[in-house]
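Undergrad: Provided below: upload.cif, containing mmCIF, C-alpha atoms.
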```cif
data_protein
#
loop_
_atom_site.label_atom_id
_atom_site.label_comp_id
_atom_site.auth_asym_id
_atom_site.auth_seq_id
_atom_site.Cartn_x
_atom_site.Cartn_y
_atom_site.Cartn_z
CA MET A 1 18.25 -21.50 -29.47
CA THR A 2 17.64 -17.80 -29.75
CA THR A 3 15.38 -15.78 -27.52
CA PRO A 4 12.47 -14.29 -29.48
CA PRO A 5 12.36 -10.49 -29.47
CA PRO A 6 9.93 -9.03 -26.95
CA SER A 7 6.51 -8.53 -28.43
CA ALA A 8 4.80 -5.17 -28.42
CA ASP A 9 1.55 -6.97 -27.71
CA ILE A 10 0.49 -8.53 -24.50
CA ASN A 11 1.28 -12.26 -24.44
CA PRO A 12 -1.98 -14.16 -25.24
CA ALA A 13 -1.58 -16.45 -22.23
CA ILE A 14 -1.01 -13.44 -19.96
CA GLY A 15 -3.98 -11.71 -21.61
CA ALA A 16 -6.26 -14.66 -20.87
CA MET A 17 -5.01 -14.82 -17.32
CA LEU A 18 -5.51 -11.08 -16.86
CA LYS A 19 -9.08 -11.41 -18.07
CA SER A 20 -9.84 -14.15 -15.57
CA ALA A 21 -7.97 -12.21 -12.87
CA ARG A 22 -10.06 -9.14 -13.70
CA ASP A 23 -13.30 -11.13 -13.56
CA TRP A 24 -12.23 -12.60 -10.25
CA LEU A 25 -11.19 -9.24 -8.84
CA LEU A 26 -14.49 -7.72 -9.79
CA THR A 27 -16.72 -10.49 -8.51
CA GLU A 28 -15.09 -12.40 -5.70
CA HIS A 29 -12.52 -10.32 -3.91
CA ALA A 30 -14.00 -8.29 -1.04
CA LEU A 31 -11.28 -5.62 -0.99
CA PHE A 32 -11.30 -5.01 -4.72
CA GLN A 33 -15.06 -5.19 -4.87
CA THR A 34 -15.18 -2.38 -2.31
CA LEU A 35 -12.88 -0.37 -4.54
CA ASP A 36 -15.02 -1.16 -7.62
CA LEU A 37 -12.01 -1.48 -9.93
CA LYS A 38 -12.86 -0.68 -13.54
CA PRO A 39 -10.18 -1.45 -16.14
CA LEU A 40 -9.72 1.38 -18.63
CA LEU A 41 -6.63 0.01 -20.38
CA ILE A 42 -4.63 -3.18 -20.03
CA GLY A 43 -1.83 -3.58 -22.55
CA ARG A 44 1.78 -4.62 -22.81
CA ASN A 45 3.58 -2.93 -19.88
CA LYS A 46 0.54 -0.79 -19.03
CA ALA A 47 -2.49 -0.88 -16.78
CA THR A 48 -4.96 1.92 -16.11
CA PHE A 49 -7.91 1.50 -13.77
CA SER A 50 -10.65 3.68 -12.38
CA VAL A 51 -11.01 3.10 -8.63
CA PHE A 52 -13.80 4.09 -6.23
CA LEU A 53 -12.81 5.74 -2.93
CA PRO A 54 -15.05 4.41 -0.12
CA ASP A 55 -15.65 6.05 3.27
CA ASP A 56 -14.02 3.10 5.05
CA PHE A 57 -10.54 4.40 4.24
CA CYS A 58 -10.85 7.96 5.55
CA ASP A 59 -8.58 9.71 8.00
CA ALA A 60 -9.78 11.72 11.00
CA ARG A 61 -10.37 14.77 8.76
CA GLY A 62 -12.80 12.88 6.56
CA LYS A 63 -10.37 12.87 3.62
CA VAL A 64 -9.20 9.66 1.93
CA HIS A 65 -6.21 8.37 3.87
CA GLY A 66 -2.99 8.38 1.83
CA ALA A 67 -2.45 4.75 2.71
CA LEU A 68 -5.38 3.82 0.46
CA LEU A 69 -3.59 5.56 -2.40
CA THR A 70 -0.52 3.40 -1.70
CA LEU A 71 -2.71 0.30 -1.58
CA ILE A 72 -4.25 1.15 -4.96
CA MET A 73 -0.85 1.83 -6.53
CA ASP A 74 0.58 -1.42 -5.13
CA SER A 75 -2.25 -3.38 -6.77
CA ILE A 76 -2.26 -1.72 -10.16
CA PHE A 77 1.53 -1.41 -10.39
CA GLY A 78 1.80 -5.16 -9.74
CA LEU A 79 -0.67 -5.77 -12.55
CA ALA A 80 1.37 -3.54 -14.89
CA ALA A 81 4.47 -5.63 -14.08
CA PHE A 82 2.44 -8.72 -14.89
CA THR A 83 1.56 -7.47 -18.37
CA ALA A 84 5.27 -7.29 -19.23
CA LEU A 85 5.74 -11.05 -18.80
CA ASP A 86 5.82 -13.71 -21.50
CA GLU A 87 4.77 -16.54 -19.23
CA LEU A 88 2.68 -16.89 -16.10
CA LYS A 89 4.73 -16.20 -13.01
CA PRO A 90 3.85 -14.68 -9.65
CA VAL A 91 4.76 -11.06 -9.01
CA ALA A 92 5.55 -9.59 -5.59
CA THR A 93 6.37 -6.06 -4.47
CA ILE A 94 9.98 -5.44 -3.41
CA ASN A 95 9.42 -1.82 -2.49
CA LEU A 96 7.03 0.99 -3.26
CA ARG A 97 7.56 4.69 -2.85
CA SER A 98 4.48 6.96 -2.74
CA ASP A 99 4.36 10.73 -2.87
CA TYR A 100 1.10 12.30 -1.76
CA LEU A 101 0.34 15.43 -3.76
CA GLY A 102 -3.15 16.40 -2.68
CA ASP A 103 -6.18 15.53 -0.59
CA ILE A 104 -9.24 13.89 -2.07
CA ASP A 105 -12.72 13.34 -0.67
CA PRO A 106 -14.30 9.88 -0.47
CA GLY A 107 -17.22 9.01 -2.72
CA GLY A 108 -15.40 9.87 -5.96
CA ARG A 109 -13.00 7.96 -8.15
CA VAL A 110 -9.31 8.12 -8.99
CA ILE A 111 -7.60 7.03 -12.17
CA CYS A 112 -4.49 4.93 -11.51
CA ALA A 113 -2.20 4.75 -14.54
CA ALA A 114 0.82 2.45 -14.23
CA GLU A 115 3.61 1.62 -16.64
CA CYS A 116 6.27 -1.05 -16.38
CA THR A 117 9.19 1.07 -17.55
CA GLU A 118 11.80 -1.69 -17.48
CA LEU A 119 11.98 -5.43 -17.06
CA ARG A 120 15.55 -6.30 -16.16
CA GLY A 121 15.92 -10.04 -15.65
CA ASP A 122 13.44 -10.94 -12.92
CA ILE A 123 13.04 -7.36 -11.67
CA ALA A 124 10.27 -5.12 -13.01
CA HIS A 125 10.35 -1.36 -12.46
CA VAL A 126 6.96 0.32 -12.44
CA ALA A 127 5.96 3.97 -12.15
CA GLY A 128 2.63 5.69 -12.24
CA GLN A 129 0.25 8.23 -10.86
CA LEU A 130 -3.19 8.76 -9.43
CA THR A 131 -5.40 11.57 -10.63
CA ASP A 132 -8.81 12.75 -9.51
CA ALA A 133 -11.20 11.28 -12.10
CA ALA A 134 -13.49 14.31 -11.86
CA THR A 135 -10.90 17.07 -12.22
CA ASN A 136 -7.73 15.38 -13.52
CA ARG A 137 -5.91 16.89 -10.52
CA PRO A 138 -2.78 14.91 -9.51
CA ILE A 139 -3.28 13.08 -6.19
CA ALA A 140 -0.21 10.86 -5.87
CA THR A 141 2.75 9.47 -7.75
CA GLY A 142 4.52 6.22 -7.12
CA ALA A 143 7.46 4.10 -8.19
CA GLY A 144 8.16 0.54 -7.25
CA ALA A 145 10.23 -2.53 -7.96
CA PHE A 146 8.67 -5.98 -8.28
CA ILE A 147 10.21 -9.43 -8.31
CA ILE A 148 9.03 -11.99 -10.84
CA GLY A 149 8.73 -15.59 -9.76
CA ALA A 150 7.93 -14.96 -6.11
CA ARG A 151 6.86 -17.93 -4.04
CA SER A 152 3.85 -18.18 -1.80
CA PRO A 153 4.03 -17.95 2.03
CA GLY A 154 4.98 -21.12 3.84
CA ARG A 155 7.40 -22.10 1.11
CA GLU A 156 10.93 -20.93 0.61
CA SER A 157 11.68 -17.23 0.72
CA ARG A 158 11.13 -15.39 -2.54
CA LEU A 159 14.36 -13.44 -1.97
CA MET B 1 -3.74 12.43 28.72
CA SER B 2 -1.15 9.68 28.13
CA GLU B 3 0.41 8.96 24.73
CA LEU B 4 -1.60 5.74 24.59
CA ASP B 5 -4.82 7.68 25.27
CA LEU B 6 -3.93 10.06 22.44
CA ILE B 7 -3.17 7.18 20.06
CA GLU B 8 -6.53 5.62 20.88
CA ARG B 9 -8.28 8.96 20.35
CA TYR B 10 -6.53 9.35 16.99
CA ALA B 11 -7.54 5.84 15.91
CA ALA B 12 -11.14 6.24 17.10
CA ALA B 13 -11.59 9.23 14.78
CA ALA B 14 -10.26 7.52 11.64
CA PRO B 15 -12.39 4.96 9.74
CA ILE B 16 -9.25 3.46 8.20
CA ALA B 17 -8.14 2.36 11.69
CA ARG B 18 -11.29 0.25 11.93
CA TRP B 19 -10.63 -1.23 8.49
CA LEU B 20 -7.12 -2.13 9.62
CA GLY B 21 -8.29 -3.62 12.94
CA PHE B 22 -5.77 -1.24 14.49
CA SER B 23 -4.92 -1.20 18.20
CA ALA B 24 -2.04 -0.12 20.43
CA ALA B 25 -0.63 -1.21 23.78
CA VAL B 26 2.33 -0.20 25.89
CA SER B 27 4.82 -2.99 26.46
CA GLU B 28 8.11 -2.53 28.35
CA GLY B 29 7.79 1.23 27.97
CA ASP B 30 7.43 0.96 24.19
CA THR B 31 4.25 1.26 22.16
CA LEU B 32 3.34 -1.88 20.27
CA PHE B 33 0.81 -1.64 17.44
CA THR B 34 -1.38 -4.49 16.17
CA LEU B 35 -3.24 -5.17 12.94
CA ALA B 36 -5.94 -7.74 13.80
CA PHE B 37 -6.10 -10.02 10.77
CA ASP B 38 -9.33 -10.16 8.80
CA GLU B 39 -10.17 -11.68 5.41
CA ARG B 40 -10.54 -8.18 3.99
CA HIS B 41 -6.75 -7.72 4.35
CA ILE B 42 -5.97 -10.57 1.96
CA GLY B 43 -4.44 -9.43 -1.31
CA ASN B 44 -4.47 -12.72 -3.18
CA LYS B 45 -6.79 -15.50 -2.11
CA LEU B 46 -4.71 -18.13 -3.86
CA ILE B 47 -1.57 -17.48 -1.81
CA ARG B 48 -3.41 -16.25 1.34
CA ALA B 49 -1.02 -13.33 1.89
CA LEU B 50 -1.74 -9.95 3.47
CA HIS B 51 -2.07 -7.27 0.80
CA GLY B 52 1.12 -5.21 0.57
CA GLY B 53 -1.02 -2.10 0.63
CA ALA B 54 -2.65 -3.20 3.89
CA ILE B 55 0.82 -3.67 5.39
CA ALA B 56 1.95 -0.23 4.19
CA ALA B 57 -1.29 1.30 5.48
CA PHE B 58 -0.83 -0.28 8.90
CA LEU B 59 2.76 0.98 9.17
CA GLU B 60 1.78 4.47 8.01
CA PHE B 61 -1.11 4.71 10.44
CA SER B 62 1.12 3.49 13.28
CA ALA B 63 3.68 6.17 12.40
CA GLN B 64 1.02 8.90 12.23
CA ALA B 65 -0.56 7.86 15.53
CA THR B 66 2.86 7.88 17.20
CA LEU B 67 3.55 11.36 15.89
CA TYR B 68 0.11 12.65 16.85
CA ALA B 69 0.60 11.45 20.42
CA ARG B 70 4.15 12.81 20.67
CA LEU B 71 2.88 16.22 19.54
CA GLY B 72 0.17 16.18 22.20
CA GLY B 73 -2.62 15.83 19.63
CA GLU B 74 -2.42 19.50 18.78
CA ARG B 75 -0.80 19.76 15.36
CA ASP B 76 -1.84 18.77 11.86
CA ILE B 77 0.16 15.93 10.33
CA THR B 78 0.44 15.53 6.56
CA THR B 79 2.30 12.61 5.00
CA ILE B 80 4.69 13.89 2.34
CA ASN B 81 5.79 10.47 1.14
CA SER B 82 6.35 6.89 2.14
CA ASP B 83 8.69 4.12 1.09
CA THR B 84 7.97 0.53 2.08
CA ASP B 85 10.31 -2.44 1.70
CA TYR B 86 8.70 -5.88 1.69
CA LEU B 87 11.24 -8.20 3.26
CA ARG B 88 9.19 -11.38 3.51
CA SER B 89 5.80 -12.71 2.47
CA ALA B 90 3.12 -11.93 5.03
CA LYS B 91 0.84 -14.76 6.09
CA ALA B 92 -2.88 -14.54 6.86
CA GLN B 93 -2.42 -13.61 10.49
CA ASP B 94 -2.04 -10.60 12.82
CA MET B 95 0.81 -8.17 12.34
CA LYS B 96 2.70 -6.15 14.96
CA ALA B 97 4.63 -2.92 14.51
CA ARG B 98 6.99 -0.61 16.32
CA VAL B 99 7.74 2.96 15.34
CA ASN B 100 10.97 4.91 15.68
CA ILE B 101 11.09 8.70 15.40
CA LEU B 102 14.32 9.52 13.59
CA ARG B 103 13.92 13.30 13.72
CA LEU B 104 11.15 15.49 15.01
CA GLY B 105 11.67 19.06 13.83
CA ARG B 106 9.50 22.17 13.82
CA ARG B 107 8.04 21.58 10.35
CA LEU B 108 9.18 18.07 9.44
CA ALA B 109 9.29 14.63 11.00
CA PHE B 110 11.17 11.56 9.75
CA ILE B 111 9.86 8.25 11.01
CA GLU B 112 10.52 4.57 10.41
CA ALA B 113 8.25 1.65 11.22
CA LYS B 114 8.88 -2.08 11.31
CA GLY B 115 6.19 -4.75 10.98
CA TRP B 116 6.41 -8.45 11.78
CA GLN B 117 4.17 -11.42 12.47
CA LYS B 118 5.51 -14.26 14.66
CA ASP B 119 9.08 -13.08 15.14
CA GLU B 120 10.19 -9.50 15.66
CA THR B 121 13.70 -10.37 14.50
CA ALA B 122 12.26 -11.47 11.13
CA PRO B 123 10.32 -8.39 9.98
CA VAL B 124 7.89 -8.66 7.10
CA ALA B 125 8.21 -5.00 6.11
CA VAL B 126 9.98 -1.79 7.05
CA ALA B 127 8.89 1.68 5.97
CA ARG B 128 10.14 5.25 6.09
CA PHE B 129 7.80 8.23 6.24
CA ARG B 130 8.32 11.98 5.98
CA PHE B 131 5.65 14.21 7.50
CA ARG B 132 4.88 17.92 7.31
CA LEU B 133 3.77 19.28 10.67
CA GLY B 134 1.31 22.13 11.05
CA ASP B 135 -0.71 23.95 8.42
CA THR B 136 0.73 23.14 4.99
CA GLU B 137 -0.98 26.17 3.44
CA LYS B 138 1.31 28.59 5.29
#
```
Show this structure as structure tokens.

TA:
Amino acid sequence: MTTPPPSADINPAIGAMLKSARDWLLTEHALFQTLDLKPLLIGRNKATFSVFLPDDFCDARGKVHGALLTLIMDSIFGLAAFTALDELKPVATINLRSDYLGDIDPGGRVICAAECTELRGDIAHVAGQLTDAATNRPIATGAGAFIIGARSPGRESRL
Amino acid sequence: MSELDLIERYAAAAPIARWLGFSAAVSEGDTLFTLAFDERHIGNKLIRALHGGAIAAFLEFSAQATLYARLGGERDITTINSDTDYLRSAKAQDMKARVNILRLGRRLAFIEAKGWQKDETAPVAVARFRFRLGDTEK
């Protein structure tokens, strides 16, 4: 039996799952509802979202805390890894590196663009950046590795 | 003002500390940080795990608060970058953290933080942070 060549298109089953995941994220999940995630592009190996920056995540200076930028990248990067798959499997972050390039005020939006640059066995490598939606100014960059086929808590270790 | 007082002052001024349910206490001469679990920290309802970003945020805020207190609350702290390793799945429960200052220089600080839930010897995540101290515009 030969392995089919990777498709340039998103797998239909993954596409359907992403749509239901998106609907769920937008309607039921408190954290993501707060961030008002709006998908701009979801394709094979790629995910781009517009994300609202609420006051709840500010630092003492009144600027958006960098940790929120990491949280956003972790979410969208994981989704980008998901789009690279040919069957439904859980995805979990192994590590994520974030570089903070500039401050941003709450009340606006950032664009998070993520790309799964390589899927090597059960390891997905994802890189991306956050830009200020109003000015296109770079806010943060990130790079992470994700493991495919992670298990849920309470079961065996995913590692 | 004690380091714990300074940490509490730092947290009181930052809305993200409230979102995290952040608190600190001194135990055996070491500062122990706590994330008080709340449903808003869940990343995926189906697997009931803490969001990786919430874990990273908790470790980063713990590192910043430690640095703020060590510097007497008198210098600006800007995170240059962070790198978080997720060692285990995090359950829907409180998380604890300890912070270790690797190097505190005039302009830069290098800090690591470790987070766990039930067992400190089985950490859920470890993170490294690099900070710029003072006015970054100079």

Undergrad: What are the nearest atom pairs, with distances in Å to one decimal, for all residues of chain B that come at most 10 Å from chain A, using all atoms listed in the file, set out by chain and rising residue number as CSV?

TA:
```
residue,atom,partner,partner_atom,distance
B:Arg9,CA,A:Ala60,CA,9.9
B:Tyr10,CA,A:Ala60,CA,7.2
B:Ala11,CA,A:Ala60,CA,8.0
B:Ala12,CA,A:Ala60,CA,8.3
B:Ala13,CA,A:Ala60,CA,4.9
B:Ala14,CA,A:Ala60,CA,4.3
B:Pro15,CA,A:Asp56,CA,5.3
B:Ile16,CA,A:Phe57,CA,4.3
B:Ala17,CA,A:Phe57,CA,8.1
B:Arg18,CA,A:Asp56,CA,7.9
B:Trp19,CA,A:Asp56,CA,6.5
B:Leu20,CA,A:Phe57,CA,9.1
B:Glu39,CA,A:Ala30,CA,8.2
B:Arg40,CA,A:Leu31,CA,5.6
B:His41,CA,A:Leu31,CA,7.3
B:Ile42,CA,A:Leu31,CA,7.8
B:Gly43,CA,A:Leu31,CA,7.8
B:Asn44,CA,A:His29,CA,8.4
B:Lys45,CA,A:His29,CA,7.9
B:Leu46,CA,A:Ser152,CA,8.8
B:Ile47,CA,A:Ser152,CA,5.5
B:Arg48,CA,A:Pro153,CA,7.7
B:Ala49,CA,A:Pro153,CA,6.8
B:Leu50,CA,A:Pro153,CA,10.0
B:His51,CA,A:Leu71,CA,8.0
B:Gly52,CA,A:Asp74,CA,6.9
B:Gly53,CA,A:Leu71,CA,3.7
B:Ala54,CA,A:Leu71,CA,6.5
B:Ile55,CA,A:Leu71,CA,8.8
B:Ala56,CA,A:Ala67,CA,6.8
B:Ala57,CA,A:Ala67,CA,4.6
B:Phe58,CA,A:Ala67,CA,8.1
B:Leu59,CA,A:Ala67,CA,9.1
B:Glu60,CA,A:Ala67,CA,6.8
B:Phe61,CA,A:Ala67,CA,7.8
B:Asp76,CA,A:Arg61,CA,9.9
B:Thr78,CA,A:Tyr100,CA,8.9
B:Thr79,CA,A:Tyr100,CA,6.9
B:Ile80,CA,A:Tyr100,CA,5.7
B:Asn81,CA,A:Asp99,CA,4.3
B:Ser82,CA,A:Ser98,CA,5.2
B:Asp83,CA,A:Arg97,CA,4.1
B:Thr84,CA,A:Asn95,CA,5.3
B:Asp85,CA,A:Asn95,CA,4.3
B:Tyr86,CA,A:Ile94,CA,5.3
B:Leu87,CA,A:Ile94,CA,7.3
B:Arg88,CA,A:Ser157,CA,6.9
B:Ser89,CA,A:Pro153,CA,5.5
B:Ala90,CA,A:Pro153,CA,6.8
B:Lys91,CA,A:Pro153,CA,6.1
B:Ala92,CA,A:Pro153,CA,9.1
B:Ala125,CA,A:Asn95,CA,9.2
B:Val126,CA,A:Asn95,CA,9.6
B:Ala127,CA,A:Asn95,CA,9.2
B:Arg128,CA,A:Arg97,CA,9.3
B:Phe129,CA,A:Ser98,CA,9.7
B:Arg130,CA,A:Asp99,CA,9.8
```

Undergrad: Rounded to one decimal, what separation in Å do you get between CA of Leu37 (chain A) and CA of Phe52 (chain A)?

TA: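 So the answer is 6.9 Å.
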
Undergrad: With the file shown as input, list the residues that the PyMOL selection byres ((chain A and resi 88) around 10) selects, as a list in words.

TA: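 That selection, the PyMOL selection byres ((chain A and resi 88) around 10), comes back as Asn11, Ala13, Ile14, Met17, Phe82, Thr83, Leu85, Asp86, Glu87, Lys89, Pro90, Val91, Ile148 and Gly149 of chain A.
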
Undergrad: Given all atoms listed in the file as the basis, pick out the residue of A:Ile123, A:Ile111, A:Ile139, A:Leu79 nearest to Asp36 (chain A).

TA: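 The answer is A:Ile111, which sits nearest to Asp36 (chain A).
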
Undergrad: Could you tell me how far CA of Gln129 (chain A) lies from CA of Cys112 (chain A), in Å and to one decimal?

TA: 5.8 Å

Undergrad: Separation of CA of Asp132 (chain A) and CA of Arg109 (chain A), in Å?

TA: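 Computing the Euclidean distance for CA of Asp132 (chain A) and CA of Arg109 (chain A) yields 6.5 Å.
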
Undergrad: Using all atoms listed in the file, pick whichever of B:Gln93, B:Ser2, B:Thr34, B:Thr66 has the shortest atom-to-atom distance to Ile111 (chain B).

TA: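 Under the stated criterion, the closest residue is B:Thr66.
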
Undergrad: When the PyMOL selection byres ((chain A and resi 81) around 7) is applied to the structure above, which residues does it catch, written out as a list in words?

TA: Asn45, Phe77, Gly78, Leu79, Ala80, Phe82, Thr83, Ala84, Cys116, Ala124 and Val126 of chain A

Undergrad: At a cut-off of 6 Å, using all atoms listed in the file, what residues contact Met95 (chain B)? Leave out same-chain residues fewer than 6 positions from it and give the result as a PDB file with C-alpha atoms, keeping the file's coordinate frame.

TA:
```
ATOM      1  CA  THR B  34      -1.380  -4.490  16.170  1.00  0.00           C
ATOM      2  CA  LEU B  35      -3.240  -5.170  12.940  1.00  0.00           C
ATOM      3  CA  TRP B 116       6.410  -8.450  11.780  1.00  0.00           C
ATOM      4  CA  GLN B 117       4.170 -11.420  12.470  1.00  0.00           C
TER       5      GLN B 117
END
```

Undergrad: Please return the centre and edge lengths, in Å to one decimal, of a box with edges along x, y and z that contains all listed atoms of region 94-104 of chain B, widened by 4 Å on every side, as AutoDock Vina command-line options.

TA:
```
--center_x 6.1 --center_y 2.4 --center_z 14.3 --size_x 24.4 --size_y 34.1 --size_z 12.0
```

Undergrad: For Met1 (chain B), which residue among B:Gly21, B:Gly72, B:Pro123, B:Gly29 is the nearest when counting only C-alpha atoms?

TA: B:Gly72

Undergrad: Give the answer as one residue: which of B:Ala63, B:Leu71, B:Glu28, B:Leu6 has the shortest atom-to-atom distance to Arg106 (chain B), using all atoms listed in the file?

TA: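 Closest residue, counting all atoms listed in the file: B:Leu71.
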